[in-house]
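A.B. asks: Please find upload32.cif (mmCIF, C-alpha atoms and all ligand atoms) on the next line:
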```
data_run
#
loop_
_atom_site.label_atom_id
_atom_site.label_comp_id
_atom_site.auth_asym_id
_atom_site.auth_seq_id
_atom_site.Cartn_x
_atom_site.Cartn_y
_atom_site.Cartn_z
CA MET E 10 32.12 -55.71 20.06
CA LYS E 11 33.08 -55.91 16.39
CA SER E 12 31.35 -57.07 13.24
CA ARG E 13 32.73 -58.20 9.92
CA ALA E 14 30.79 -58.52 6.65
CA ARG E 15 32.08 -60.10 3.45
CA ALA E 16 30.13 -58.77 0.48
CA PRO E 17 30.72 -60.25 -2.99
CA THR E 18 31.32 -58.27 -6.16
CA LYS E 19 29.61 -59.26 -9.45
CA VAL E 20 30.00 -59.56 -13.17
CA THR E 21 27.12 -58.71 -15.50
CA LEU E 22 26.69 -61.47 -18.06
CA PHE E 23 23.82 -59.74 -19.89
CA GLY E 24 21.82 -56.54 -19.74
CA GLU E 25 23.80 -53.70 -18.17
CA HIS E 26 22.21 -50.35 -19.04
CA SER E 27 19.04 -51.96 -20.48
CA VAL E 28 18.25 -53.22 -16.95
CA VAL E 29 18.03 -49.59 -15.78
CA TYR E 30 14.90 -49.41 -17.99
CA GLY E 31 13.46 -52.63 -16.59
CA PHE E 32 14.64 -55.01 -19.32
CA PRO E 33 16.00 -58.37 -18.16
CA ALA E 34 19.57 -58.91 -17.03
CA ILE E 35 21.68 -61.85 -15.88
CA VAL E 36 24.23 -61.21 -13.17
CA PHE E 37 26.81 -63.55 -11.64
CA SER E 38 27.88 -62.92 -8.04
CA LEU E 39 31.67 -63.20 -7.88
CA PRO E 40 33.53 -65.04 -5.12
CA ILE E 41 35.72 -61.93 -4.81
CA TYR E 42 34.79 -60.05 -1.67
CA VAL E 43 34.83 -56.59 -0.17
CA GLU E 44 35.39 -56.90 3.59
CA VAL E 45 33.83 -54.39 5.96
CA ASN E 46 34.93 -54.31 9.61
CA ALA E 47 32.93 -52.20 12.05
CA GLU E 48 33.46 -51.52 15.73
CA LYS E 49 32.07 -49.09 18.32
CA HIS E 50 34.37 -46.12 18.68
CA GLY E 51 33.12 -43.51 21.15
CA LYS E 52 31.62 -40.45 19.48
CA THR E 53 33.94 -40.40 16.54
CA SER E 54 33.43 -42.05 13.18
CA ILE E 55 36.60 -43.11 11.49
CA LEU E 56 36.79 -44.58 8.05
CA THR E 57 39.96 -46.11 6.75
CA GLY E 58 40.64 -47.48 3.31
CA PRO E 59 43.70 -49.67 3.04
CA ALA E 60 46.07 -49.40 0.11
CA ASN E 61 44.67 -52.32 -1.84
CA LEU E 62 41.38 -50.45 -2.21
CA ARG E 63 43.36 -47.62 -3.81
CA THR E 64 41.57 -45.30 -1.38
CA VAL E 65 44.19 -44.88 1.32
CA ASP E 66 44.76 -42.54 4.24
CA LEU E 67 41.28 -41.32 4.98
CA VAL E 68 40.43 -40.35 8.54
CA LEU E 69 37.08 -38.73 9.13
CA SER E 70 36.60 -37.37 12.65
CA ASP E 71 34.22 -34.84 14.21
CA ASN E 72 35.76 -31.75 12.68
CA SER E 73 38.37 -32.85 10.23
CA ILE E 74 38.98 -35.08 7.28
CA GLU E 75 42.51 -36.04 6.37
CA VAL E 76 43.00 -37.35 2.89
CA GLY E 77 46.11 -38.91 1.37
CA GLU E 78 47.08 -37.77 -2.15
CA SER E 79 46.58 -41.16 -3.80
CA THR E 80 43.11 -41.33 -2.30
CA LYS E 81 41.64 -38.23 -3.85
CA LYS E 82 40.60 -39.66 -7.19
CA TYR E 83 38.36 -42.36 -5.76
CA LEU E 84 37.50 -40.78 -2.46
CA LEU E 85 34.29 -38.94 -3.19
CA ARG E 86 32.65 -41.85 -4.92
CA TYR E 87 33.64 -44.24 -2.19
CA ILE E 88 32.78 -42.15 0.82
CA SER E 89 29.30 -41.28 -0.42
CA TYR E 90 28.29 -44.97 -0.37
CA ILE E 91 29.44 -45.31 3.22
CA LYS E 92 27.89 -42.04 4.38
CA LYS E 93 24.51 -43.00 2.94
CA SER E 94 24.76 -46.44 4.54
CA LEU E 95 25.52 -44.82 7.90
CA GLU E 96 22.49 -42.54 7.56
CA LEU E 97 20.26 -45.44 6.63
CA VAL E 98 21.26 -47.70 9.54
CA LYS E 99 21.47 -44.65 11.85
CA VAL E 100 24.76 -45.44 13.52
CA GLU E 101 27.16 -42.97 15.11
CA GLY E 102 30.44 -43.49 16.89
CA VAL E 103 31.75 -46.33 14.85
CA LYS E 104 35.02 -47.18 13.19
CA ILE E 105 34.72 -48.74 9.78
CA GLU E 106 37.49 -50.35 7.81
CA ILE E 107 37.02 -51.49 4.24
CA LYS E 108 39.29 -53.93 2.41
CA SER E 109 38.81 -54.73 -1.24
CA PRO E 110 40.89 -56.50 -3.86
CA LEU E 111 39.33 -54.26 -6.55
CA PRO E 112 39.08 -50.50 -6.97
CA VAL E 113 35.66 -48.89 -6.59
CA GLY E 114 34.11 -48.35 -10.01
CA ALA E 115 35.88 -51.22 -11.78
CA GLY E 116 32.64 -52.36 -13.39
CA LEU E 117 32.41 -55.29 -10.99
CA GLY E 118 29.93 -53.92 -8.50
CA THR E 119 32.45 -52.85 -5.88
CA SER E 120 30.39 -49.83 -4.85
CA ALA E 121 27.32 -52.04 -4.37
CA ALA E 122 29.45 -54.45 -2.32
CA VAL E 123 30.70 -51.54 -0.18
CA ALA E 124 27.07 -50.52 0.47
CA VAL E 125 25.90 -54.11 1.14
CA GLY E 126 28.87 -54.86 3.40
CA THR E 127 28.59 -51.59 5.33
CA ILE E 128 24.86 -52.03 5.93
CA ALA E 129 25.27 -55.68 6.99
CA ALA E 130 28.18 -54.87 9.33
CA LEU E 131 26.49 -51.83 10.91
CA ALA E 132 23.16 -53.60 11.40
CA ALA E 133 24.93 -56.53 13.08
CA LEU E 134 26.82 -54.12 15.35
CA LYS E 135 23.50 -52.51 16.36
CA GLY E 136 21.90 -55.90 16.96
CA ILE E 137 19.39 -55.41 14.13
CA GLU E 138 18.55 -58.59 12.28
CA LEU E 139 18.33 -58.01 8.56
CA ASP E 140 17.84 -60.83 6.08
CA LYS E 141 19.65 -60.77 2.73
CA GLU E 142 16.60 -59.37 0.91
CA GLU E 143 16.38 -56.45 3.34
CA ILE E 144 20.10 -55.76 3.04
CA ALA E 145 19.72 -55.79 -0.77
CA LYS E 146 16.85 -53.29 -0.59
CA LYS E 147 18.66 -50.87 1.72
CA ALA E 148 21.85 -51.04 -0.33
CA TRP E 149 19.82 -50.36 -3.49
CA THR E 150 18.48 -47.21 -1.81
CA VAL E 151 22.09 -46.14 -1.21
CA GLU E 152 23.00 -46.79 -4.87
CA LYS E 153 19.98 -44.89 -6.15
CA GLU E 154 20.80 -41.89 -3.98
CA VAL E 155 24.47 -41.81 -4.92
CA GLN E 156 24.03 -42.70 -8.60
CA GLY E 157 20.78 -40.86 -9.29
CA ARG E 158 19.35 -43.79 -11.24
CA ALA E 159 20.21 -47.43 -10.56
CA SER E 160 18.73 -50.85 -11.07
CA PRO E 161 18.73 -53.30 -8.13
CA MET E 162 21.10 -55.60 -10.06
CA ASP E 163 24.46 -55.00 -8.37
CA THR E 164 23.14 -54.79 -4.82
CA ALA E 165 20.99 -57.94 -5.28
CA ALA E 166 23.98 -59.87 -6.66
CA SER E 167 26.12 -58.83 -3.70
CA ALA E 168 23.52 -59.47 -1.01
CA LEU E 169 21.87 -62.63 -2.39
CA GLY E 170 24.70 -64.33 -4.33
CA GLY E 171 24.28 -66.91 -7.08
CA ILE E 172 23.36 -66.26 -10.70
CA LEU E 173 20.36 -63.96 -10.81
CA TRP E 174 17.74 -63.00 -13.38
CA LEU E 175 16.28 -59.53 -12.90
CA GLU E 176 13.38 -58.02 -14.76
CA ARG E 177 10.81 -55.33 -14.02
CA VAL E 178 7.29 -56.64 -14.54
CA GLU E 179 4.44 -54.16 -14.07
CA ASP E 180 6.52 -51.84 -11.89
CA GLU E 181 7.74 -54.67 -9.66
CA TRP E 182 11.25 -56.09 -9.84
CA ARG E 183 11.25 -59.85 -10.29
CA ILE E 184 14.48 -61.47 -9.11
CA GLU E 185 14.98 -65.19 -9.74
CA ARG E 186 17.84 -67.57 -9.07
CA LEU E 187 19.16 -69.39 -12.14
CA THR E 188 20.88 -72.74 -12.13
CA ALA E 189 23.66 -73.40 -14.57
CA LEU E 190 26.26 -76.06 -15.19
CA GLU E 191 29.80 -75.08 -14.27
CA ILE E 192 30.71 -72.09 -16.36
CA LYS E 193 34.25 -70.87 -17.10
CA LEU E 194 34.56 -67.10 -16.97
CA VAL E 195 37.66 -64.99 -17.43
CA ILE E 196 37.45 -61.43 -16.12
CA GLY E 197 39.89 -58.63 -16.89
CA VAL E 198 39.92 -55.33 -15.00
CA PHE E 199 40.88 -52.09 -16.76
CA GLU E 200 41.09 -48.45 -15.76
CA LYS E 201 37.66 -46.79 -15.69
CA GLN E 202 37.42 -43.29 -17.09
CA LYS E 203 33.90 -42.23 -16.17
CA THR E 204 31.62 -42.90 -13.21
CA THR E 205 28.60 -45.16 -13.49
CA ALA E 206 26.36 -42.15 -12.82
CA GLU E 207 27.87 -40.29 -15.80
CA LEU E 208 27.52 -43.29 -18.10
CA VAL E 209 23.91 -43.96 -17.08
CA GLN E 210 23.27 -40.28 -17.82
CA ASP E 211 25.01 -40.51 -21.25
CA VAL E 212 22.79 -43.44 -22.22
CA ALA E 213 19.67 -41.60 -21.01
CA ALA E 214 20.64 -38.65 -23.25
CA ARG E 215 20.95 -40.95 -26.27
CA LEU E 216 17.54 -42.48 -25.58
CA GLU E 217 16.05 -39.01 -25.52
CA ARG E 218 17.82 -38.04 -28.74
CA SER E 219 16.58 -40.86 -30.96
CA TYR E 220 14.07 -43.70 -30.84
CA ILE E 221 16.65 -45.98 -32.47
CA TYR E 222 18.52 -46.30 -29.15
CA LYS E 223 15.29 -47.44 -27.52
CA GLU E 224 15.23 -50.24 -30.11
CA VAL E 225 18.81 -51.15 -29.16
CA ILE E 226 17.80 -51.39 -25.49
CA LYS E 227 14.84 -53.62 -26.40
CA VAL E 228 17.08 -55.94 -28.42
CA MET E 229 19.36 -56.21 -25.38
CA GLY E 230 16.33 -57.50 -23.46
CA ASP E 231 15.70 -60.12 -26.18
CA ILE E 232 19.35 -61.18 -26.06
CA ALA E 233 19.08 -61.69 -22.28
CA ARG E 234 15.97 -63.86 -22.74
CA GLU E 235 17.80 -66.07 -25.25
CA ALA E 236 20.83 -66.14 -22.94
CA ARG E 237 18.76 -67.46 -20.05
CA LYS E 238 17.75 -70.50 -22.15
CA ALA E 239 21.31 -71.05 -23.38
CA LEU E 240 22.67 -70.81 -19.82
CA GLU E 241 20.12 -73.23 -18.40
CA ASN E 242 20.73 -75.70 -21.25
CA GLY E 243 24.52 -75.40 -20.99
CA ASP E 244 24.70 -74.30 -24.63
CA TRP E 245 28.02 -72.47 -24.27
CA THR E 246 28.53 -71.86 -28.00
CA TYR E 247 25.24 -69.97 -28.28
CA LEU E 248 25.82 -68.24 -24.94
CA GLY E 249 29.17 -66.97 -26.25
CA GLU E 250 27.53 -65.68 -29.45
CA LEU E 251 24.95 -63.88 -27.36
CA MET E 252 27.69 -62.26 -25.27
CA ASN E 253 29.24 -60.98 -28.50
CA LEU E 254 25.86 -59.65 -29.61
CA ASN E 255 25.29 -57.94 -26.26
CA HIS E 256 28.72 -56.32 -26.56
CA SER E 257 27.83 -54.95 -30.00
CA MET E 258 24.73 -53.33 -28.52
CA LEU E 259 26.84 -51.74 -25.77
CA GLU E 260 29.13 -50.39 -28.50
CA ALA E 261 26.06 -48.98 -30.21
CA LEU E 262 25.18 -47.19 -26.97
CA GLY E 263 28.63 -45.57 -26.98
CA VAL E 264 29.88 -46.96 -23.66
CA VAL E 265 32.78 -49.09 -25.00
CA ASN E 266 36.13 -47.27 -25.14
CA LYS E 267 39.12 -48.29 -27.26
CA GLU E 268 40.87 -50.24 -24.51
CA ILE E 269 37.81 -52.40 -23.83
CA ALA E 270 37.13 -52.89 -27.57
CA LEU E 271 40.69 -54.13 -27.99
CA ALA E 272 40.50 -56.39 -24.93
CA VAL E 273 37.23 -58.00 -26.08
CA HIS E 274 38.76 -58.64 -29.50
CA ALA E 275 41.94 -60.08 -27.94
CA ALA E 276 39.90 -62.46 -25.76
CA ARG E 277 38.01 -63.74 -28.83
CA VAL E 278 41.20 -64.19 -30.86
CA ALA E 279 42.65 -66.17 -27.93
CA GLY E 280 39.75 -68.63 -28.21
CA ALA E 281 36.96 -67.20 -26.04
CA LEU E 282 33.51 -68.44 -27.06
CA GLY E 283 32.28 -64.91 -26.40
CA ALA E 284 33.45 -61.73 -24.71
CA LYS E 285 31.87 -58.46 -23.68
CA LEU E 286 32.12 -55.40 -21.53
CA SER E 287 30.77 -55.88 -18.02
CA GLY E 288 29.35 -52.90 -16.15
CA ALA E 289 28.66 -49.31 -17.06
CA GLY E 290 31.62 -48.97 -19.46
CA SER E 291 34.23 -46.44 -20.55
CA GLY E 292 36.88 -48.83 -19.28
CA GLY E 293 36.00 -51.12 -16.41
CA ALA E 294 35.79 -54.87 -16.86
CA VAL E 295 35.68 -57.45 -19.64
CA VAL E 296 34.06 -60.86 -19.16
CA ALA E 297 34.85 -63.76 -21.49
CA LEU E 298 33.43 -67.28 -21.68
CA ALA E 299 36.13 -69.84 -22.43
CA ASP E 300 36.60 -73.60 -22.78
CA ASP E 301 40.26 -73.02 -21.98
CA PRO E 302 40.69 -69.93 -19.77
CA THR E 303 44.53 -69.90 -19.80
CA PRO E 304 45.20 -68.29 -23.23
CA VAL E 305 42.27 -65.90 -22.76
CA ALA E 306 43.62 -64.74 -19.39
CA ALA E 307 47.08 -64.31 -20.95
CA ALA E 308 45.64 -62.27 -23.84
CA LEU E 309 43.80 -59.94 -21.44
CA LYS E 310 47.07 -59.34 -19.55
CA VAL E 311 48.91 -58.60 -22.79
CA VAL E 312 46.41 -55.87 -23.68
CA GLY E 313 46.82 -54.21 -20.28
CA ALA E 314 44.37 -55.76 -17.79
CA LYS E 315 45.40 -54.69 -14.27
CA ASP E 316 43.94 -57.85 -12.76
CA VAL E 317 42.65 -61.06 -14.33
CA PHE E 318 40.42 -63.60 -12.55
CA VAL E 319 39.19 -67.02 -13.64
CA VAL E 320 35.90 -67.95 -11.98
CA ASN E 321 33.53 -70.90 -12.30
CA LYS E 322 31.20 -70.83 -9.29
CA PRO E 323 29.18 -67.88 -7.99
CA SER E 324 29.37 -66.69 -4.38
CA ARG E 325 26.62 -67.34 -1.85
CA GLY E 326 26.02 -63.69 -1.06
CA VAL E 327 26.85 -61.50 1.92
CA GLU E 328 28.05 -63.09 5.16
CA VAL E 329 28.30 -61.32 8.49
CA ASN E 330 29.90 -62.29 11.80
CA ILE E 331 30.00 -60.69 15.25
CA PHE E 332 32.92 -61.25 17.57
C1 LIG E 401 26.34 -50.96 -13.46
O1 LIG E 401 27.05 -52.07 -12.88
C2 LIG E 401 25.22 -51.45 -14.29
C3 LIG E 401 24.30 -50.41 -14.93
O2 LIG E 401 23.29 -51.17 -15.59
C4 LIG E 401 23.70 -49.48 -13.92
C5 LIG E 401 22.63 -50.15 -13.04
O3 LIG E 401 22.17 -51.26 -13.32
O4 LIG E 401 22.25 -49.48 -12.06
C6 LIG E 401 25.03 -49.59 -15.97
#
```
Before we go any further, please render this structure as structure tokens.
Ligand code: MEV
C.D. replies:
Amino acid sequence: MKSRARAPTKVTLFGEHSVVYGFPAIVFSLPIYVEVNAEKHGKTSILTGPANLRTVDLVLSDNSIEVGESTKKYLLRYISYIKKSLELVKVEGVKIEIKSPLPVGAGLGTSAAVAVGTIAALAALKGIELDKEEIAKKAWTVEKEVQGRASPMDTAASALGGILWLERVEDEWRIERLTALEIKLVIGVFEKQKTTAELVQDVAARLERSYIYKEVIKVMGDIAREARKALENGDWTYLGELMNLNHSMLEALGVVNKEIALAVHAARVAGALGAKLSGAGSGGAVVALADDPTPVAAALKVVGAKDVFVVNKPSRGVEVNIF
């Protein structure tokens, strides 16, 4: 028996970092999927990462781990998400294969998708029925354990799909589905220099250092509230302005490196209505809103994007099959 889960990645439209402190965020589940294949495999667990994940040549067996050279950089981050997922679903003797069009840590929720996909595939293999909400919760536990501190944003976007509003109200996370007219997003992927855990930690240190950063985080929450109205009314001009504002706040938090600053500027010069960093920062991804995506996509390539995607509809969340 085998199972296969397809878990979507995501782009954060508003509120990365501030969402860690409970302020609202808007996240768009991308129809770009991490695929997790699982099958029973005696007593041995084997994990393989194909080349397109940029985590190749990993074989984990009872007593040995073989690691290919090109794998080393991403390996530890990647494997910890799978190991935690295995612990959580309590499965042994399984072969897992992960395929992803994006590297882990690109700022597009690939690690959350790896956790969501692994949990969904392993649960299906064990005959456990988990609904999407339960998968989201378990995957969030994995992210919190690996990252130290994490909001439920990325794992909810991957498990549930759609465009989601997240906000912590009186210690409870409120997650709502938003409806929007067709939206044209251009996403550029750049090299990431720091892990999400490090960046979340950097921001926490700033918040401790000065109250002014707490004000910045609060303003990010206000921007997300305005953005929700603009998104629901299809007011793309205002939505673009709000993306620019959100980006400025991320710059103020110190998570925007030179490459991303340049890419955001290039997207705006090429006609984007708005552009911002997506994700934890220090490289990673840029998301732009555009009437005409073609010149914006070209501009992102010119300034060094490794991949560029144009997207207008969100995914429907994780899907799992047994065969
Ligand atoms: C990472 O995609 C987004 C952050 O807000 C962290 C989190 O929400 O857990 C930086």
A.B. asks: Between CA of Lys322 (chain E) and CA of Ala166 (chain E), what is the distance in Å, rounded to a tenth?
C.D. replies: 13.4 Å
A.B. asks: Which residues are near ligand LIG 401 (chain E) - at most 7 Å, using all atoms listed in the file? Format: as a list in words.
C.D. replies: Gly24, Glu25, His26, Ser27, Val28, Val29, Gly116, Leu117, Gly118, Arg158, Ala159, Ser160, Pro161, Met162, Asp163, Thr205, Val209, Gly288 and Ala289 of chain E
A.B. asks: Write the residues of the preceding selection, restricted to C-alpha atoms, as a PDB file, keeping the file's coordinate frame.
C.D. replies:
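Below you can see selection-v8.pdb, which holds the result:
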```
ATOM      1  CA  GLY E  24      21.820 -56.540 -19.740  1.00  0.00           C
ATOM      2  CA  GLU E  25      23.800 -53.700 -18.170  1.00  0.00           C
ATOM      3  CA  HIS E  26      22.210 -50.350 -19.040  1.00  0.00           C
ATOM      4  CA  SER E  27      19.040 -51.960 -20.480  1.00  0.00           C
ATOM      5  CA  VAL E  28      18.250 -53.220 -16.950  1.00  0.00           C
ATOM      6  CA  VAL E  29      18.030 -49.590 -15.780  1.00  0.00           C
ATOM      7  CA  GLY E 116      32.640 -52.360 -13.390  1.00  0.00           C
ATOM      8  CA  LEU E 117      32.410 -55.290 -10.990  1.00  0.00           C
ATOM      9  CA  GLY E 118      29.930 -53.920  -8.500  1.00  0.00           C
ATOM     10  CA  ARG E 158      19.350 -43.790 -11.240  1.00  0.00           C
ATOM     11  CA  ALA E 159      20.210 -47.430 -10.560  1.00  0.00           C
ATOM     12  CA  SER E 160      18.730 -50.850 -11.070  1.00  0.00           C
ATOM     13  CA  PRO E 161      18.730 -53.300  -8.130  1.00  0.00           C
ATOM     14  CA  MET E 162      21.100 -55.600 -10.060  1.00  0.00           C
ATOM     15  CA  ASP E 163      24.460 -55.000  -8.370  1.00  0.00           C
ATOM     16  CA  THR E 205      28.600 -45.160 -13.490  1.00  0.00           C
ATOM     17  CA  VAL E 209      23.910 -43.960 -17.080  1.00  0.00           C
ATOM     18  CA  GLY E 288      29.350 -52.900 -16.150  1.00  0.00           C
ATOM     19  CA  ALA E 289      28.660 -49.310 -17.060  1.00  0.00           C
TER      20      ALA E 289
END
```
A.B. asks: Just the residues within 7 Å of Val317 (chain E), please, counting only C-alpha atoms, with nothing from its chain fewer than 3 positions along; format it as an MDAnalysis selection string.
C.D. replies: chainID E and resid 196:198 306 314
A.B. asks: Can you work out which one of E:Ile41, E:Ala284, E:Val195, E:Ile91 has the shortest atom-to-atom distance to Leu251 (chain E), counting only C-alpha atoms?
C.D. replies: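 Closest to Leu251 (chain E), using only C-alpha atoms: E:Ala284.
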A.B. asks: Here is a test: counting all atoms listed in the file, which residue of E:Asn46, E:Gln202, E:Thr246, E:Thr18 is nearest to Ala168 (chain E)?
C.D. replies: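 For Ala168 (chain E), the nearest of the given residues is E:Thr18.
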A.B. asks: Measure the distance from CA of Pro33 (chain E) to CA of Arg177 (chain E) in Å and round it to one decimal.
C.D. replies: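 Answer for the CA of Pro33 (chain E) to CA of Arg177 (chain E) separation: 7.3 Å.
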A.B. asks: Just the number, please: distance in Å from CA of Thr188 (chain E) to CA of Leu39 (chain E), one decimal.
C.D. replies: 15.0 Å
A.B. asks: For Ala130 (chain E), work out the shell of residues within 6 Å, counting all atoms listed in the file and skipping chain neighbours fewer than 3 positions away, then give it as a PyMOL selection string.
C.D. replies: chain E and resi 12-14+126-127+133
A.B. asks: Taking into account only C-alpha atoms, which residue in the set E:Glu260, E:Asp300, E:Asp180, E:Glu48 is nearest to Ile192 (chain E)?
C.D. replies: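 Smallest separation from Ile192 (chain E) among the options: E:Asp300.
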A.B. asks: What box, with edges along x, y and z, holds each listed atom of region 171-178 of chain E when 4 Å is added on every side, and can you state its centre and edge lengths in Å to one decimal, as JSON?
C.D. replies:
```
{"center_x": 15.8, "center_y": -61.1, "center_z": -10.9, "size_x": 25.0, "size_y": 19.6, "size_z": 15.7}
```
A.B. asks: Have a look at E:Gly31, E:Ala275, E:Arg237, E:Gly136 and name the one nearest to Arg183 (chain E); count only C-alpha atoms.
C.D. replies: E:Gly31
